[in-house]
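Report on the structure given below.
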Amino acid sequence: MALHMAVEVVRDSSNSLTSQIQDFIKREIAQGILHPGTRLPSSRRLADDLDVSRSVVVEAYGQLVAEGYLEAVQGAGTRVVRHLGAEQAVVPALLDEPRDDGPHLGAPPAPVRWDLRPSGGNIPAFPRREWLGCYQRVLYRADPADHDYPSLAGEADLRLELARYLGRLRGVRTAPDRLMVVAGFAQTLGLMCAVLPRLGIGALAIEDPGHPGQRQFVRESGLRAVPVPVDAEGIDVEALAASGARAVLVTPAHQFPTGVTLSARRREALARWARAVDGWIVEDDYDGGLWYERGARPLALQRTDPERVVYAGTASKSLAPGLRLGWLAAPAPVLDLLMRARARQDLGTETLTQLAFAELLRTGLFDRHLRRLNSLARSRREALEEAVRKHLPGAAVLGRGAGLHAYLRLPRGTDEAALVARALRRSVLLRGAAAFHAGPGRSAPALVVGHAHLPRSGVAEAVRGLAAAARP
C-alpha cells in the first residue's frame with residue numbers, strides 16, 4: 001500500500017533536509033494533526049515524493065523513533081507512537097469523568113494500566129463469527145425493501161423475535177405490535193422525556209444513587225429530576241410517594257450502581273403507587289441477560305402491571321454499545337405517543353443490524369453467547385471477591401452477581417476521593433460512589449468497579465494496586 005504525506009521542506013534553508021523533516025513531523029504531532037497510531041509513508045515513498053535521497057528520510061525517521069515520536073514495527077511500517085493505547089493510555093485530567101470524584105491531589109496525568117470504570121472499555125467479548133454469519137445470511141436474503149427507510153417501530157422480524165425472547169427469559173407481557181426498536185436506552189429515555197409532559201407530568205423520579213448521565217439528561221430535557229433513595233430492598237417507595245412525582249425510572253433486577261434487587265414487597269408497593277397516582281414506571285433492564293448469581297433471575301417488573309410500566313432493554317452490555325440497539329415495550333396509548341415523538345426525531349434504526357440481531361435470536365446463537373458471557377463475568381466477579389478478601393480487609397463486594405460491574409464498599413472513614421487519586425498514581429483508574437449520588441454525604445465510601453473485561457490475573461493485580469494506594 002503506497003501512502004503519501006504532505007511535508008514542507010525548503011531546499012535553500014540553513015537547516016538540513018533531515019532536520020526540516022524531523023521538525024515538521026514533530027509540529028504536526030504536537031498540534032494534533034498527526035494522530036496517535038497514524039501510519040507514515042515508507043522512507044522510500046516519502047523520499048520519492050520529496051525528491052530527496054532516501055538516506056535523508058531514513059535518518060529523520062530514525063531520530064524520531066529514538067526520541068519517542070515514532071515507532072517502527074516489523075511488518076507494520078512506521079507510525080506515530082500510540083500514546084493512547086489500551087494499556088498505555090494517558091488520562092488527561094479524566095475529562096470523561098464527573099468532576100465530583102474529588103481532587104487529584106495535584107497529581108499529573110498518569111499512564112493507566114487497569115481501567116476499572118464501569119463504562120468505557122468494560123466490554124468482555126463480541127461474538128464476531130456468529131454476528132458475521134447472521135449478517136451475511138440476512139444480507140443474501142434481503143430484498144430491495146430491506147434497503148429502504150426502516151419502519152419507525154422497527155423491523156417486524158426483530159419485534160417478533162424480541163417478543164418471544166422477552167417473554168421466554170424475562171416474563172415480559174407484550175406482543176410484536178407493542179414493541180419499538182430504538183437506538184439504545186438513551187433514545188428510550190429521550191422519547192419518554194418528550195412524552196411525559198404530554199401526559200401532564202413535569203418531573204421524573206430517579207434512583208439515588210443512580211446513573212449520573214441519566215440524571216443530567218433528564219434535567220436538560222426540561223423535566224425536574226427527583227432523587228429517591230435506594231436501600232437494601234431497592235428504591236424506597238414511601239419516599240417516592242412523598243416526593244410528589246408521578247413517574248419513576250428504576251433498575252429493579254440489578255440496581256445501578258449498588259447491585260441490589262428490588263424486593264417482592266417493594267415491587268408490589270411500586271405497582272400500587274403507580275395506580276394510585278395515575279403514574280408511570282420506566283423499567284431499565286440495565287444489564288440485559290447478564291445474570292450469574294445462584295438462583296433464578298428476577299422476572300421483569302413490567303409483568304406486574306403492563307399498562308403502567310414501560311419496559312426498556314438494550315444490547316449494549318450483552319453485545320456492544322456501538323450497535324446502538326435497544327427496544328421498549330409500552331402500553332398502546334403510550335406507544336402511540338412515543339411513535340409520534342420519534343417521527344419528529346429520526347427515521348428509525350438501521351435495518352440490516354436489526355435483521356442480523358433477529359437472526360441471532362432466532363437461531364439460539366444469542367442464548368449461547370450469553371452463556372459464555374455469563375461464565376466469563378462470573379469468573380471475573382469471583383476473582384474480584386477473592387482479591388478484595390485477601391488484600392482489602394474491611395472492604396466488601398456488595399450486590400447480586402450480575403452485569404459488568406460490582407459495588408465495592410470501603411471501610412468507614414476511608415477518604416474515597418483521595419483513594420481514587422492515589423490509585424490513579426498506581427495506574428488504576430476508578431470511579432468513586434460519590435459521583436453517582438445526587439448530593440453529598442449520603443452513603444458510606446465505596447467504589448463502582450467494572451471488572452468483566454479484565455483477565456482474572458488483571459483483576460487481582462488491579463486490586464493489589466488499589467490496596468497499596470489504600471495503605472497510609
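Each chain in the C-alpha cells gets a letter, A, B and so on, in the order shown; residues start at 1 in every chain, and ligands are counted from 1 in the order they appear.
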
Need to verify the contact set: Leu158 (chain A), 7 Å, only C-alpha atoms, exclusion of same-chain residues closer than 4 positions in sequence. Can you return it as a PyMOL selection string? chain A and resi 162+354-355+358

Determine which residues of region 220-334 of chain A DSSP labels as helix (DSSP H, G or I) from the backbone of this structure, then write them out as a PyMOL selection string. chain A and resi 220+237-243+264-276+301-304+321-323+332-334

Would you mind listing what lies within 12 Å of Asp346 (chain A) as a VMD selection string, with only C-alpha atoms counted and same-chain residues fewer than 2 positions away left out? chain A and resid 149 to 153 182 to 183 187 191 339 to 344 348 to 350

So, counting only C-alpha atoms, which residue among A:Glu359, A:Val309, A:Gly399, A:Glu59 is closest to Leu160 (chain A)? A:Glu359

Give me the region 277-305 of chain A side of the contact with region 317-338 of chain A, cut-off 7 Å, one line per residue showing its nearest atom pair and distance in Å at one decimal, counting only C-alpha atoms, sorted by chain and residue number, as CSV.
```
residue,atom,partner,partner_atom,distance
A:Asp287,CA,A:Lys317,CA,6.1
A:Gly288,CA,A:Ser318,CA,6.7
A:Gly289,CA,A:Ser318,CA,6.9
```

Smallest atom-to-atom distance to Thr314 (chain A): which of A:Leu290, A:Leu223, A:Leu50, A:Ile201, using only C-alpha atoms? A:Leu290

I'd like the neighbourhood of region 3-14 of chain A as a PyMOL selection string, where a residue qualifies if any of its atoms comes within 8 Å (using only C-alpha atoms), though same-chain residues fewer than 3 positions away should be ignored. chain A and resi 17+20-21+24-25+40-42+45-46+49-50

Could you write out the selected residues, including C-alpha atoms, as a tab-separated table (two decimals), in the first residue's frame?
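out.tsv written:
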```tsv
chain	number	residue	atom	x	y	z
A	17	LEU	CA	16.59	18.47	4.96
A	20	GLN	CA	13.36	20.00	8.50
A	21	ILE	CA	11.55	16.67	8.11
A	24	PHE	CA	7.80	19.24	10.59
A	25	ILE	CA	6.64	15.84	11.87
A	40	LEU	CA	3.51	7.20	7.77
A	41	PRO	CA	4.80	6.58	4.24
A	42	SER	CA	7.79	4.30	3.83
A	45	ARG	CA	7.96	6.62	-0.78
A	46	LEU	CA	8.49	9.86	1.17
A	49	ASP	CA	7.60	12.42	-3.00
A	50	LEU	CA	10.11	14.98	-1.71
```

How far is it from CA of Ser43 (chain A) to CA of Val80 (chain A), in Å with one decimal?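 Computed distance, CA of Ser43 (chain A) to CA of Val80 (chain A), equals 14.2 Å.
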
Distance of CA of Arg159 (chain A) from CA of Pro176 (chain A), expressed in Å to one decimal place: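 It comes out at 4.9 Å.
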
For Trp131 (chain A), find every residue with an atom within 8 Å (counting only C-alpha atoms), except residues of its own chain fewer than 4 positions away, and show them as a ChimeraX atom specification. /A:127,135,356-357,360

Write out as a VMD selection string all residues of region 235-433 of chain A that DSSP puts in strand (DSSP E) for this structure's backbone. chain A and resid 235 247 to 250 280 to 284 309 to 314 326 to 329 396 to 398 405 to 409 428 to 429 431 to 432
